[in-house]
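S.K.: Have a look at this one.
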Amino acid sequence: MITDDEEFESFDDDEGETALDRIRAMLMAEKAADAPFDLALERQRAEERGAGAPLPEGWSATPYDLGRPAALLSGPGAKDTRTILHLFGGGFCIGTITSRMGLAAALAKASEARSLLLEYRLAPEHPFPAAFDDALAAYRRVLTEGVAPESLVLMGESAGAGLALAVAVAAKAEGLPMPLAIVAICPWVDLTQSGQSMASRAEQDPSLSKARLDDHAARYLAGADPRDPRASPVFGDLARLPQLLIHVGGDEVLLSDAERFVEAARAVGVDATVEIWPGLFHVWHRYYAQMEEAAEGVSEIGAWLKRRWKT
């Protein structure tokens with residue numbers, strides 16, 4: 001695992017090309033080459049990229065049991081009175097602790113918190129509702145282990161952000177305490193792919209497409225109803241959810257998912273904020289060590305949470 005004091009590619013080059021330009025071009029090339037979708041290739045690619053992602057200097061990952069394998073990420077500046085339960089993205093089909101550890105740790109450091117990164121079961125080997133069941137069980141376990149709800153934040157990106165929101169909806173229905181807040185990075189909250197941006201951003205999005213999301217949804221749902229709130233929380237009862245921050249890229253096909261969720265949440269009185277980042281793509285935050293806009297996104301999430309922690 002590379003640490004952030006080692007040399008990394010600078011943000012921009014001497015010829016004026018930005019890191020954003022280079023990463024967008026890389027993603028576009030991969031998207032064009034990846035038809036039809038190859039799950040094994042995507043899993044391998046995620047592991048390779050994750051192996052090179054930096055942990056903050058002095059930070060470490062300790063194995064942790066949440067009913068499923070998990071990692072406790074902590075280091076200098078992290079307060080034991082602040083806990084993030086982090087659910088990684090990957091379309092419910094891709095991702096492991098090791099492939100997502102760098103981003104989770106960077107977000108925790110920015111928030112001055114420790115992070116519990118859950119490795120939930122993946123489809124198609126473990127279809128719906130396996131990922132949801134694992135995430136909800138982990139939330140219950142964190143609470144029973146003595147983490148105060150007012151010190152707990154649910155966080156995720158992409159499918160993991162959708163899981164975080166679905167867990168909150170289900171936990172509220174069970175009468176469980178709500179966390180302090182939810183941070184949803186580029187959330188996938190509608191597995192019917194009915195958002196307007198699926199078409200309007202199809203050409204601009206360098207990494208996602210409706211076809212790819214349809215593939216992920218079919219593998220995960222395995223015939224289940226895509227409108228089930230455990231899979232698509234935008235169709236759930238959103239009343240009384242905790243304060244919510246959503247980041248979404250202006251160029252991604254999931255833009256409408258974020259906008260629709262915030263609109264529905266606000267309609268029932270939830271304190272919901274959506275920040276649309278023009279010109280950016282799905283979960284740009286993962287390039288925090290290479291791209292200025294990604295580092296800013298991570299920093300802004302940390303600042304938002306630090307204004308809300310009670311301890």
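In the structure tokens, each chain is lettered A, B, ... as it comes, each chain's residues begin at 1, and ligands are numbered from 1 in order of appearance.
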Could you give me, as an MDAnalysis selection string, each residue of range 7-173 of chain A that DSSP assigns to strand (DSSP E) when run on this structure's backbone?
M.R.: chainID A and resid 60:65 69:74 79:87 113:118 152:157
S.K.: Provide the CA of Val283 in chain A to CA of Gly67 in chain A distance in Å, to one decimal place.
M.R.: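 Atom-to-atom, CA of Val283 in chain A and CA of Gly67 in chain A are spaced 27.2 Å apart.
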S.K.: Go through A:Ile276, A:Met291, A:Leu55, A:Leu117 one by one, measure the shortest atom-to-atom distance of each to Leu87 in chain A using only C-alpha atoms, and give the residue with the smallest value.
M.R.: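 Ranking A:Ile276, A:Met291, A:Leu55, A:Leu117 by distance to Leu87 in chain A, first place goes to A:Leu117.
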S.K.: Which neighbours of range 20-25 of chain A fall inside 12 Å, counting only C-alpha atoms, when residues of the same chain fewer than 6 positions from it are skipped, and could you give them as number ranges by chain?
M.R.: A: 9-13, 31-32, 204-208, 251-252, 279-282, 284-295
S.K.: Residues of range 68-153 of chain A that have any atom at most 12 Å from an atom of range 219-238 of chain A: could you tabulate them with the shortest-distance atom pair and the distance in Å to one decimal, using only C-alpha atoms, ordered by chain and increasing number, as JSON lines?
M.R.:
{"residue": "A:Gly90", "atom": "CA", "partner": "A:Tyr220", "partner_atom": "CA", "distance": 11.2}
{"residue": "A:Gly91", "atom": "CA", "partner": "A:Tyr220", "partner_atom": "CA", "distance": 8.2}
{"residue": "A:Phe92", "atom": "CA", "partner": "A:Tyr220", "partner_atom": "CA", "distance": 6.3}
{"residue": "A:Cys93", "atom": "CA", "partner": "A:Tyr220", "partner_atom": "CA", "distance": 7.2}
{"residue": "A:Ile94", "atom": "CA", "partner": "A:Tyr220", "partner_atom": "CA", "distance": 10.9}
{"residue": "A:Arg121", "atom": "CA", "partner": "A:Tyr220", "partner_atom": "CA", "distance": 10.5}
{"residue": "A:Leu122", "atom": "CA", "partner": "A:Tyr220", "partner_atom": "CA", "distance": 7.9}
{"residue": "A:Ala123", "atom": "CA", "partner": "A:Tyr220", "partner_atom": "CA", "distance": 5.0}
{"residue": "A:Pro124", "atom": "CA", "partner": "A:Arg219", "partner_atom": "CA", "distance": 5.0}
{"residue": "A:Glu125", "atom": "CA", "partner": "A:Arg219", "partner_atom": "CA", "distance": 8.8}
{"residue": "A:His126", "atom": "CA", "partner": "A:Tyr220", "partner_atom": "CA", "distance": 7.7}
{"residue": "A:Pro127", "atom": "CA", "partner": "A:Tyr220", "partner_atom": "CA", "distance": 4.8}
{"residue": "A:Phe128", "atom": "CA", "partner": "A:Leu221", "partner_atom": "CA", "distance": 5.1}
{"residue": "A:Pro129", "atom": "CA", "partner": "A:Arg230", "partner_atom": "CA", "distance": 7.4}
{"residue": "A:Ala130", "atom": "CA", "partner": "A:Tyr220", "partner_atom": "CA", "distance": 8.9}
{"residue": "A:Ala131", "atom": "CA", "partner": "A:Tyr220", "partner_atom": "CA", "distance": 8.9}
{"residue": "A:Phe132", "atom": "CA", "partner": "A:Arg230", "partner_atom": "CA", "distance": 6.6}
{"residue": "A:Asp133", "atom": "CA", "partner": "A:Arg230", "partner_atom": "CA", "distance": 9.0}
{"residue": "A:Asp134", "atom": "CA", "partner": "A:Arg230", "partner_atom": "CA", "distance": 11.8}
{"residue": "A:Ala135", "atom": "CA", "partner": "A:Arg230", "partner_atom": "CA", "distance": 10.7}
{"residue": "A:Leu136", "atom": "CA", "partner": "A:Arg230", "partner_atom": "CA", "distance": 10.0}
S.K.: So that I can see what lies close to Glu263 in chain A, please list as number ranges by chain the residues with an atom at most 12 Å from it, counting only C-alpha atoms and leaving out residues fewer than 5 positions away in the same chain.
M.R.: A: 234, 238, 244, 246, 256-258, 268-274
S.K.: Between CA of Ser99 in chain A and CA of Glu119 in chain A, what distance in Å does the model show, to one decimal?
M.R.: 10.4 Å
